[in-house]
Amino acid sequence: MTDFAATKAMFDLPQGVIYLDGNSLGPLPKAAPARLDRMMRKEWGEMLITGWNKAGWMAQPMELGDRVGKLIGAEPGHVTMGDTLSIKVYQALASALELQSDRKVVLSDNGNFPSDLYMAEGLLRTLGPEYELRVVDPEAVEENITEDIAVLMITEVDYRTGRKHNMAALTAKAHAVGALTVWDLAHSAGALPVEVAGAGADFAVGCTYKYLNGGPGAPAFIYVAPRHAGRAVPALSGWLGHKAPFAFDLSYRPGTGVERMRVGTPPVLQLTALETAMDIWDMADMADVRARSIALTEQFIAGIEAACPELELASPRDAEARGSQVSFRFVEGYAAMQALIARGVIGDFRAPDIMRFGFTPLYIDEADVSAAISIISDVMTNKEWDRAEYKVRAAVT
Ligand SMILES: *Cc1c(COP(=O)(O)O)cnc(C)c1O
């Protein structure tokens, strides 16, 4: 059994704050500042360039890839780290399309995160006018997986509502018509058990600053199924994805397996911070995390629905059909969230009217959820949100 009191004690959580936004940016692992300080002084400071070999910086993306890979059910050696998630979406989609050269349609849904759709648009534009991005309602994805689809590009858990797609079923349907899949696990990795290998996913990508707690700007990950890892050709063919980066050949030869998905110099400081977060993940079992996440989200939904009739549940009521977040609709959702933040309950807002709350069992418990429910109830009952200062939109919502 996971000792959640022990994992909670590993995070630096400010006094007086109930942090329900770990789905956007995970909190600081207590070990991170000292680990980074040591890395900077002992490795960067003293080893200088020799740190790439001596301190193992060059091996970090694959080592951490395996640690993240454990949480998403990947085979060892088939996940690597680097770049941002948007870049990894582009890379995975480009490689998948190249493996499917006789088909030109990418299928996605309008619950996907806009950046994934934007990256696909940009890629397809450069590939040519015969390529098409087909965007349907989330409920209509399955029936739209037809013989002309090259790649099914789907985010498993909807960033606004938390609605969860069935990865195994959609992947099986895609394969049955000869399509490949690119799964975005941004709201899945560290949120619920994922089995990329078990589901037969072809490519998977995700970020590490949300549920995985790697810190702002932490790098993304990419998984390529072993059956494609030696055939997929990266469109972003940087030197660190080359077979022999230090041979300085004039032309590109893809590296071994998923290593070819590396592009340029890895973000060593960020990867070092992520290591401290992964040390905490080593203490957790994903099945325990999921069971507790469901208990916390059920407690929250019941409490809010009983106390705040103005808030309308935007997430699936069936726990099995949602990720680890709960969203409510409210016309003045932005102002209400600002009022909540002023009272120490931190969630976030997604236009046009979604108040979003993330539940992260590593550091949120029943007492936090009870306290959050009573503060939200207060803010709603007393219309604390109805003040001009709460209605001014900041750049990041
Ligand atoms: C958070 C998120 C992103 C963000 O991409 P970055 O390049 O890391 O900024 C992309 N896609 C999805 C589905 C996300 O949830």
# chains A, B, ... in the order shown; residues from 1 in each chain; ligands from 1
call {"tool": "closest_atom_pairs", "arguments": {"of": "chain A", "to": "ligand 1", "cutoff": "7 Å", "atoms": "only C-alpha atoms and all ligand atoms", "output": "JSON lines"}}
result
{"residue": "A:Ser24", "atom": "CA", "partner": "ligand 1", "partner_atom_place_in_ligand_line": "1 (C)", "distance": 7.0}
{"residue": "A:Thr84", "atom": "CA", "partner": "ligand 1", "partner_atom_place_in_ligand_line": "7 (O)", "distance": 4.2}
{"residue": "A:Leu85", "atom": "CA", "partner": "ligand 1", "partner_atom_place_in_ligand_line": "7 (O)", "distance": 3.8}
{"residue": "A:Ser86", "atom": "CA", "partner": "ligand 1", "partner_atom_place_in_ligand_line": "7 (O)", "distance": 3.6}
{"residue": "A:Ile87", "atom": "CA", "partner": "ligand 1", "partner_atom_place_in_ligand_line": "7 (O)", "distance": 6.3}
{"residue": "A:Asn112", "atom": "CA", "partner": "ligand 1", "partner_atom_place_in_ligand_line": "13 (C)", "distance": 6.2}
{"residue": "A:Phe113", "atom": "CA", "partner": "ligand 1", "partner_atom_place_in_ligand_line": "13 (C)", "distance": 4.5}
{"residue": "A:Ser115", "atom": "CA", "partner": "ligand 1", "partner_atom_place_in_ligand_line": "10 (C)", "distance": 5.5}
{"residue": "A:Asp116", "atom": "CA", "partner": "ligand 1", "partner_atom_place_in_ligand_line": "11 (N)", "distance": 5.4}
{"residue": "A:Thr155", "atom": "CA", "partner": "ligand 1", "partner_atom_place_in_ligand_line": "13 (C)", "distance": 5.5}
{"residue": "A:Tyr159", "atom": "CA", "partner": "ligand 1", "partner_atom_place_in_ligand_line": "15 (O)", "distance": 5.7}
{"residue": "A:Asp184", "atom": "CA", "partner": "ligand 1", "partner_atom_place_in_ligand_line": "13 (C)", "distance": 5.8}
{"residue": "A:Leu185", "atom": "CA", "partner": "ligand 1", "partner_atom_place_in_ligand_line": "13 (C)", "distance": 7.0}
{"residue": "A:Ala186", "atom": "CA", "partner": "ligand 1", "partner_atom_place_in_ligand_line": "15 (O)", "distance": 4.6}
{"residue": "A:His187", "atom": "CA", "partner": "ligand 1", "partner_atom_place_in_ligand_line": "15 (O)", "distance": 5.9}
{"residue": "A:Cys207", "atom": "CA", "partner": "ligand 1", "partner_atom_place_in_ligand_line": "8 (O)", "distance": 5.8}
{"residue": "A:Ala220", "atom": "CA", "partner": "ligand 1", "partner_atom_place_in_ligand_line": "8 (O)", "distance": 6.7}
call {"tool": "residues_around", "arguments": {"residues": "Ala277 of chain A", "least_positions_apart": "5", "cutoff": "12 Å", "atoms": "only C-alpha atoms", "output": "ChimeraX atom specification"}}
result
/A:7-8,10-12,26-33,35,64,67-68,190,208-215,218,270-272,282-284,362
call {"tool": "atom_distance", "arguments": {"atom1": "atom CA of Gly241 of chain A", "atom2": "atom CA of Ser108 of chain A"}}
result
27.9 Å
call {"tool": "residues_around", "arguments": {"residues": "Met119 of chain A", "least_positions_apart": "6", "cutoff": "10 Å", "atoms": "only C-alpha atoms", "output": "list in words"}}
result
Ser86, Ile87, Lys88, Val89, Tyr90, Gln91, Leu93 and Arg125 of chain A
call {"tool": "select_by_dssp", "arguments": {"residues": "segment 18-72 of chain A", "states": "helix (DSSP H, G or I)", "output": "CSV table (one decimal) with all heavy atoms, in the first residue's frame"}}
result
chain,number,residue,atom,x,y,z
A,32,ALA,N,14.1,19.0,-4.1
A,32,ALA,CA,14.6,19.6,-5.4
A,32,ALA,C,15.6,20.7,-5.2
A,32,ALA,O,16.7,20.7,-5.9
A,32,ALA,CB,13.4,20.0,-6.2
A,33,PRO,N,15.4,21.7,-4.3
A,33,PRO,CA,16.3,22.8,-4.2
A,33,PRO,C,17.8,22.3,-3.9
A,33,PRO,O,18.7,22.7,-4.5
A,33,PRO,CB,15.8,23.7,-3.1
A,33,PRO,CG,14.3,23.4,-3.2
A,33,PRO,CD,14.2,21.9,-3.5
A,34,ALA,N,17.9,21.4,-2.9
A,34,ALA,CA,19.2,21.0,-2.5
A,34,ALA,C,19.9,20.1,-3.6
A,34,ALA,O,21.1,20.3,-3.8
A,34,ALA,CB,19.1,20.2,-1.2
A,35,ARG,N,19.0,19.3,-4.2
A,35,ARG,CA,19.6,18.5,-5.3
A,35,ARG,C,20.1,19.4,-6.5
A,35,ARG,O,21.1,19.1,-7.0
A,35,ARG,CB,18.5,17.5,-5.8
A,35,ARG,CG,18.8,16.6,-7.0
A,35,ARG,CD,19.7,15.5,-6.6
A,35,ARG,NE,20.1,14.7,-7.8
A,35,ARG,CZ,21.2,15.0,-8.5
A,35,ARG,NH1,22.0,16.0,-8.2
A,35,ARG,NH2,21.5,14.3,-9.6
A,36,LEU,N,19.3,20.4,-6.8
A,36,LEU,CA,19.7,21.3,-7.9
A,36,LEU,C,20.9,22.1,-7.5
A,36,LEU,O,21.8,22.3,-8.3
A,36,LEU,CB,18.6,22.2,-8.2
A,36,LEU,CG,17.5,21.6,-9.2
A,36,LEU,CD1,16.3,22.5,-9.3
A,36,LEU,CD2,18.2,21.4,-10.6
A,37,ASP,N,21.0,22.5,-6.2
A,37,ASP,CA,22.1,23.3,-5.7
A,37,ASP,C,23.4,22.5,-5.8
A,37,ASP,O,24.4,22.9,-6.3
A,37,ASP,CB,21.8,23.7,-4.3
A,37,ASP,CG,22.9,24.7,-3.8
A,37,ASP,OD1,23.0,25.8,-4.3
A,37,ASP,OD2,23.7,24.3,-2.9
A,38,ARG,N,23.3,21.2,-5.4
A,38,ARG,CA,24.4,20.3,-5.5
A,38,ARG,C,24.8,20.0,-6.9
A,38,ARG,O,26.0,20.1,-7.3
A,38,ARG,CB,24.0,19.0,-4.8
A,38,ARG,CG,25.2,18.1,-4.4
A,38,ARG,CD,24.8,17.0,-3.4
A,38,ARG,NE,24.0,16.0,-4.0
A,38,ARG,CZ,22.7,15.7,-3.7
A,38,ARG,NH1,22.1,16.3,-2.7
A,38,ARG,NH2,22.1,14.7,-4.3
A,39,MET,N,23.8,19.8,-7.8
A,39,MET,CA,24.1,19.6,-9.2
A,39,MET,C,24.9,20.8,-9.8
A,39,MET,O,25.9,20.6,-10.5
A,39,MET,CB,22.8,19.3,-9.9
A,39,MET,CG,23.0,19.0,-11.4
A,39,MET,SD,22.9,20.5,-12.3
A,39,MET,CE,23.8,20.1,-13.7
A,40,MET,N,24.3,22.0,-9.5
A,40,MET,CA,25.0,23.2,-10.1
A,40,MET,C,26.4,23.4,-9.6
A,40,MET,O,27.3,23.6,-10.3
A,40,MET,CB,24.1,24.4,-9.8
A,40,MET,CG,22.8,24.4,-10.7
A,40,MET,SD,22.1,26.0,-10.8
A,40,MET,CE,21.0,25.9,-9.4
A,41,ARG,N,26.6,23.2,-8.2
A,41,ARG,CA,27.9,23.5,-7.7
A,41,ARG,C,28.9,22.3,-8.0
A,41,ARG,O,30.0,22.6,-8.5
A,41,ARG,CB,27.8,23.7,-6.2
A,41,ARG,CG,27.1,24.9,-5.8
A,41,ARG,CD,27.0,25.1,-4.3
A,41,ARG,NE,25.9,26.0,-4.0
A,41,ARG,CZ,26.1,27.3,-4.0
A,41,ARG,NH1,27.2,27.9,-4.3
A,41,ARG,NH2,25.0,28.1,-3.8
A,42,LYS,N,28.5,21.1,-7.7
A,42,LYS,CA,29.4,20.0,-7.8
A,42,LYS,C,29.6,19.5,-9.3
A,42,LYS,O,30.6,19.0,-9.7
A,42,LYS,CB,28.9,18.8,-7.0
A,42,LYS,CG,28.9,19.0,-5.5
A,42,LYS,CD,30.3,19.0,-4.9
A,42,LYS,CE,30.3,19.5,-3.5
A,42,LYS,NZ,31.6,20.0,-3.1
A,43,GLU,N,28.5,19.6,-10.0
A,43,GLU,CA,28.6,19.1,-11.4
A,43,GLU,C,28.9,20.2,-12.4
A,43,GLU,O,30.0,20.3,-12.9
A,43,GLU,CB,27.3,18.3,-11.8
A,43,GLU,CG,27.0,17.1,-10.8
A,43,GLU,CD,25.8,16.4,-11.2
A,43,GLU,OE1,25.2,16.6,-12.2
A,43,GLU,OE2,25.4,15.5,-10.3
A,44,TRP,N,28.0,21.1,-12.6
A,44,TRP,CA,28.2,22.2,-13.5
A,44,TRP,C,29.4,23.0,-13.1
A,44,TRP,O,30.3,23.3,-13.9
A,44,TRP,CB,26.9,23.1,-13.6
A,44,TRP,CG,27.0,24.2,-14.5
A,44,TRP,CD1,27.9,24.5,-15.5
A,44,TRP,CD2,26.0,25.3,-14.6
A,44,TRP,NE1,27.6,25.6,-16.1
A,44,TRP,CE2,26.4,26.2,-15.6
A,44,TRP,CE3,24.9,25.6,-13.9
A,44,TRP,CZ2,25.7,27.3,-15.9
A,44,TRP,CZ3,24.1,26.7,-14.2
A,44,TRP,CH2,24.6,27.6,-15.2
A,45,GLY,N,29.4,23.4,-11.8
A,45,GLY,CA,30.5,24.3,-11.3
A,45,GLY,C,31.9,23.6,-11.4
A,45,GLY,O,32.8,24.3,-11.8
A,46,GLU,N,32.0,22.4,-10.9
A,46,GLU,CA,33.3,21.8,-10.8
A,46,GLU,C,33.7,21.0,-12.0
A,46,GLU,O,34.8,20.9,-12.4
A,46,GLU,CB,33.4,21.0,-9.5
A,46,GLU,CG,33.3,21.9,-8.2
A,46,GLU,CD,33.4,21.1,-6.9
A,46,GLU,OE1,33.8,19.9,-6.9
A,46,GLU,OE2,33.0,21.7,-5.9
A,47,MET,N,32.7,20.2,-12.5
A,47,MET,CA,33.1,19.4,-13.6
A,47,MET,C,33.1,20.1,-15.0
A,47,MET,O,33.7,19.6,-15.9
A,47,MET,CB,32.1,18.2,-13.7
A,47,MET,CG,32.1,17.3,-12.5
A,47,MET,SD,30.9,16.0,-12.7
A,47,MET,CE,30.8,15.3,-11.1
A,48,LEU,N,32.3,21.2,-15.0
A,48,LEU,CA,32.2,21.9,-16.3
A,48,LEU,C,31.8,20.9,-17.4
A,48,LEU,O,31.0,20.0,-17.2
A,48,LEU,CB,33.5,22.7,-16.6
A,48,LEU,CG,33.7,23.8,-15.6
A,48,LEU,CD1,35.2,24.3,-15.6
A,48,LEU,CD2,32.8,25.0,-15.9
A,49,ILE,N,32.5,21.0,-18.6
A,49,ILE,CA,32.1,20.2,-19.7
A,49,ILE,C,32.2,18.7,-19.5
A,49,ILE,O,31.4,17.9,-20.1
A,49,ILE,CB,32.9,20.6,-21.0
A,49,ILE,CG1,32.4,19.9,-22.3
A,49,ILE,CG2,34.4,20.2,-20.8
A,49,ILE,CD1,31.3,20.6,-22.9
A,50,THR,N,33.0,18.3,-18.5
A,50,THR,CA,33.2,16.8,-18.3
A,50,THR,C,32.0,16.2,-17.6
A,50,THR,O,31.9,15.0,-17.6
A,50,THR,CB,34.5,16.5,-17.4
A,50,THR,OG1,34.3,17.1,-16.1
A,50,THR,CG2,35.7,17.2,-18.0
A,51,GLY,N,31.1,17.1,-17.1
A,51,GLY,CA,29.8,16.6,-16.5
A,51,GLY,C,29.0,15.7,-17.5
A,51,GLY,O,28.3,14.9,-17.0
A,52,TRP,N,29.1,16.0,-18.8
A,52,TRP,CA,28.3,15.2,-19.7
A,52,TRP,C,28.6,13.7,-19.6
A,52,TRP,O,27.7,12.9,-19.7
A,52,TRP,CB,28.6,15.7,-21.2
A,52,TRP,CG,27.9,17.0,-21.5
A,52,TRP,CD1,28.6,18.2,-21.6
A,52,TRP,CD2,26.5,17.3,-21.6
A,52,TRP,NE1,27.6,19.2,-21.8
A,52,TRP,CE2,26.4,18.7,-21.8
A,52,TRP,CE3,25.4,16.5,-21.5
A,52,TRP,CZ2,25.1,19.3,-22.0
A,52,TRP,CZ3,24.1,17.1,-21.7
A,52,TRP,CH2,24.0,18.5,-21.9
A,53,ASN,N,29.9,13.4,-19.4
A,53,ASN,CA,30.3,12.0,-19.1
A,53,ASN,C,30.3,11.7,-17.7
A,53,ASN,O,29.6,10.7,-17.3
A,53,ASN,CB,31.7,11.8,-19.7
A,53,ASN,CG,31.7,11.8,-21.2
A,53,ASN,OD1,30.8,11.3,-21.9
A,53,ASN,ND2,32.7,12.5,-21.8
A,54,LYS,N,31.0,12.4,-16.9
A,54,LYS,CA,31.2,12.1,-15.5
A,54,LYS,C,29.9,12.1,-14.6
A,54,LYS,O,29.8,11.2,-13.8
A,54,LYS,CB,32.2,13.1,-14.8
A,54,LYS,CG,33.6,12.7,-15.0
A,54,LYS,CD,34.5,13.6,-14.0
A,54,LYS,CE,35.9,13.8,-14.5
A,54,LYS,NZ,36.4,15.0,-14.0
A,57,TRP,N,25.1,13.3,-17.5
A,57,TRP,CA,24.0,14.1,-18.1
A,57,TRP,C,23.5,13.6,-19.4
A,57,TRP,O,22.3,13.7,-19.6
A,57,TRP,CB,24.5,15.5,-18.3
A,57,TRP,CG,25.0,16.3,-17.1
A,57,TRP,CD1,24.7,16.0,-15.8
A,57,TRP,CD2,25.9,17.4,-17.1
A,57,TRP,NE1,25.3,17.0,-15.0
A,57,TRP,CE2,26.1,17.8,-15.8
A,57,TRP,CE3,26.5,18.1,-18.1
A,57,TRP,CZ2,26.9,18.9,-15.4
A,57,TRP,CZ3,27.3,19.2,-17.8
A,57,TRP,CH2,27.5,19.6,-16.4
A,58,MET,N,24.4,13.0,-20.2
A,58,MET,CA,23.9,12.6,-21.5
A,58,MET,C,23.0,11.4,-21.4
A,58,MET,O,22.2,11.2,-22.3
A,58,MET,CB,25.2,12.2,-22.4
A,58,MET,CG,25.0,12.4,-23.9
A,58,MET,SD,24.0,13.8,-24.4
A,58,MET,CE,25.3,14.8,-25.1
A,59,ALA,N,23.1,10.6,-20.3
A,59,ALA,CA,22.3,9.4,-20.2
A,59,ALA,C,20.9,9.7,-19.5
A,59,ALA,O,20.0,8.9,-19.6
A,59,ALA,CB,23.0,8.4,-19.4
A,60,GLN,N,20.8,10.9,-19.0
A,60,GLN,CA,19.6,11.3,-18.2
A,60,GLN,C,18.3,11.1,-19.0
A,60,GLN,O,17.3,10.6,-18.5
A,60,GLN,CB,19.7,12.8,-17.8
A,60,GLN,CG,19.9,12.9,-16.3
A,60,GLN,CD,20.0,14.4,-16.0
A,60,GLN,OE1,20.2,15.3,-16.8
A,60,GLN,NE2,19.8,14.8,-14.7
A,61,PRO,N,18.2,11.6,-20.3
A,61,PRO,CA,16.9,11.5,-21.0
A,61,PRO,C,16.4,10.0,-21.1
A,61,PRO,O,15.2,9.8,-21.0
A,61,PRO,CB,17.2,12.0,-22.4
A,61,PRO,CG,18.4,13.0,-22.1
A,61,PRO,CD,19.2,12.3,-21.1
A,62,MET,N,17.3,9.1,-21.3
A,62,MET,CA,16.9,7.7,-21.4
A,62,MET,C,16.6,7.1,-20.0
A,62,MET,O,15.6,6.3,-19.8
A,62,MET,CB,17.9,6.8,-22.1
A,62,MET,CG,18.0,7.2,-23.6
A,62,MET,SD,16.5,7.0,-24.6
A,62,MET,CE,16.3,5.2,-24.5
A,63,GLU,N,17.4,7.4,-19.0
A,63,GLU,CA,17.2,6.9,-17.6
A,63,GLU,C,15.9,7.4,-17.1
A,63,GLU,O,15.1,6.7,-16.5
A,63,GLU,CB,18.3,7.4,-16.7
A,63,GLU,CG,19.6,6.6,-16.8
A,63,GLU,CD,20.7,7.2,-16.1
A,63,GLU,OE1,20.5,8.1,-15.2
A,63,GLU,OE2,21.9,6.7,-16.3
A,64,LEU,N,15.6,8.7,-17.2
A,64,LEU,CA,14.3,9.3,-16.8
A,64,LEU,C,13.2,8.8,-17.6
A,64,LEU,O,12.1,8.6,-17.1
A,64,LEU,CB,14.4,10.8,-16.7
A,64,LEU,CG,15.0,11.3,-15.4
A,64,LEU,CD1,15.5,12.7,-15.5
A,64,LEU,CD2,13.9,11.2,-14.3
A,65,GLY,N,13.5,8.5,-18.9
A,65,GLY,CA,12.5,8.0,-19.8
A,65,GLY,C,11.9,6.6,-19.2
A,65,GLY,O,10.7,6.4,-19.2
A,66,ASP,N,12.9,5.8,-18.8
A,66,ASP,CA,12.4,4.5,-18.2
A,66,ASP,C,11.6,4.7,-16.9
A,66,ASP,O,10.7,3.9,-16.7
A,66,ASP,CB,13.7,3.7,-17.9
A,66,ASP,CG,14.1,2.9,-19.1
A,66,ASP,OD1,13.3,2.8,-20.1
A,66,ASP,OD2,15.2,2.3,-19.2
A,67,ARG,N,12.0,5.7,-16.1
A,67,ARG,CA,11.2,5.9,-14.9
A,67,ARG,C,9.8,6.4,-15.2
A,67,ARG,O,8.9,6.0,-14.5
A,67,ARG,CB,12.0,6.9,-13.9
A,67,ARG,CG,13.4,6.3,-13.5
A,67,ARG,CD,14.1,7.3,-12.6
A,67,ARG,NE,13.6,7.2,-11.3
A,67,ARG,CZ,14.1,8.0,-10.3
A,67,ARG,NH1,15.1,8.8,-10.5
A,67,ARG,NH2,13.6,7.9,-9.1
A,68,VAL,N,9.7,7.3,-16.1
A,68,VAL,CA,8.4,7.7,-16.6
A,68,VAL,C,7.7,6.6,-17.2
A,68,VAL,O,6.5,6.4,-17.0
A,68,VAL,CB,8.5,9.0,-17.5
A,68,VAL,CG1,7.1,9.3,-18.1
A,68,VAL,CG2,9.0,10.2,-16.8
A,69,GLY,N,8.4,5.8,-18.0
A,69,GLY,CA,7.9,4.7,-18.7
A,69,GLY,C,7.1,3.7,-17.8
A,69,GLY,O,6.1,3.1,-18.2
A,70,LYS,N,7.7,3.5,-16.6
A,70,LYS,CA,7.0,2.6,-15.7
A,70,LYS,C,5.6,3.0,-15.3
A,70,LYS,O,4.8,2.2,-15.1
A,70,LYS,CB,7.9,2.6,-14.4
A,70,LYS,CG,8.9,1.5,-14.3
A,70,LYS,CD,9.3,1.4,-12.8
A,70,LYS,CE,10.8,1.0,-12.8
A,70,LYS,NZ,11.4,1.3,-11.5
A,71,LEU,N,5.4,4.3,-15.3
A,71,LEU,CA,4.1,4.9,-14.9
A,71,LEU,C,3.1,4.8,-16.0
A,71,LEU,O,1.9,4.9,-15.8
A,71,LEU,CB,4.2,6.3,-14.4
A,71,LEU,CG,5.1,6.6,-13.2
A,71,LEU,CD1,5.1,8.1,-12.9
A,71,LEU,CD2,4.5,5.8,-12.0
call {"tool": "atom_distance", "arguments": {"atom1": "atom CA of Ala235 of chain A", "atom2": "atom CA of Met278 of chain A"}}
result
29.6 Å
call {"tool": "residues_around", "arguments": {"residues": "Gly162 of chain A", "least_positions_apart": "5", "cutoff": "7 Å", "atoms": "only C-alpha atoms", "output": "ChimeraX atom specification"}}
result
/A:157,315,322-326
call {"tool": "write_last_selection", "arguments": {"atoms": "N, CA and C atoms", "output": "short mmCIF file (atom, residue, chain, number, x, y, z; two decimals), in the first residue's frame"}}
result
data_model
loop_
_atom_site.label_atom_id
_atom_site.label_comp_id
_atom_site.auth_asym_id
_atom_site.auth_seq_id
_atom_site.Cartn_x
_atom_site.Cartn_y
_atom_site.Cartn_z
N VAL A 157 -7.24 12.11 -21.79
CA VAL A 157 -8.13 12.78 -20.82
C VAL A 157 -8.28 14.24 -21.23
N SER A 315 -17.84 17.47 -15.58
CA SER A 315 -17.07 16.23 -15.72
C SER A 315 -18.02 15.04 -15.74
N ARG A 322 -13.73 9.35 -16.03
CA ARG A 322 -13.01 10.62 -15.91
C ARG A 322 -11.58 10.40 -15.42
N GLY A 323 -10.76 11.42 -15.65
CA GLY A 323 -9.38 11.39 -15.19
C GLY A 323 -9.33 11.78 -13.72
N SER A 324 -8.33 12.59 -13.34
CA SER A 324 -8.17 12.92 -11.92
C SER A 324 -8.50 14.39 -11.65
N GLN A 325 -9.44 14.93 -12.41
CA GLN A 325 -9.86 16.31 -12.19
C GLN A 325 -11.38 16.38 -12.19
N VAL A 326 -11.89 17.45 -11.60
CA VAL A 326 -13.34 17.68 -11.61
C VAL A 326 -13.56 19.12 -12.05
#
call {"tool": "select_by_dssp", "arguments": {"residues": "segment 178-270 of chain A", "states": "strand (DSSP E)", "output": "count of residues only"}}
result
13
call {"tool": "atom_distance", "arguments": {"atom1": "atom CA of Pro76 of chain A", "atom2": "atom CA of Thr181 of chain A"}}
result
19.9 Å
call {"tool": "residues_around", "arguments": {"residues": "Val151 of chain A", "least_positions_apart": "3", "cutoff": "12 Å", "atoms": "only C-alpha atoms", "output": "NGL selection string"}}
result
:A and (92-108 or 120 or 131-134 or 144-148 or 154 or 170-171 or 173-175 or 177-183 or 201-203)
call {"tool": "residues_around", "arguments": {"residues": "Ile18 of chain A", "least_positions_apart": "2", "cutoff": "7 Å", "atoms": "only C-alpha atoms", "output": "ChimeraX atom specification"}}
result
/A:16,20,344-346,368,372
call {"tool": "residues_around", "arguments": {"residues": "segment 377-394 of chain A", "least_positions_apart": "5", "cutoff": "7 Å", "atoms": "only C-alpha atoms", "output": "PyMOL selection string"}}
result
chain A and resi 307-308+334-336+338-340
call {"tool": "write_last_selection", "arguments": {"atoms": "C-alpha atoms", "output": "short mmCIF file (atom, residue, chain, number, x, y, z; two decimals), in the first residue's frame"}}
result
data_model
loop_
_atom_site.label_atom_id
_atom_site.label_comp_id
_atom_site.auth_asym_id
_atom_site.auth_seq_id
_atom_site.Cartn_x
_atom_site.Cartn_y
_atom_site.Cartn_z
CA ALA A 307 -23.56 22.99 -1.04
CA CYS A 308 -23.45 24.95 -4.34
CA TYR A 334 -13.24 33.27 -13.75
CA ALA A 335 -14.16 35.68 -10.93
CA ALA A 336 -15.19 32.80 -8.67
CA GLN A 338 -10.01 34.40 -8.32
CA ALA A 339 -12.10 34.67 -5.14
CA LEU A 340 -11.21 31.08 -4.24
#
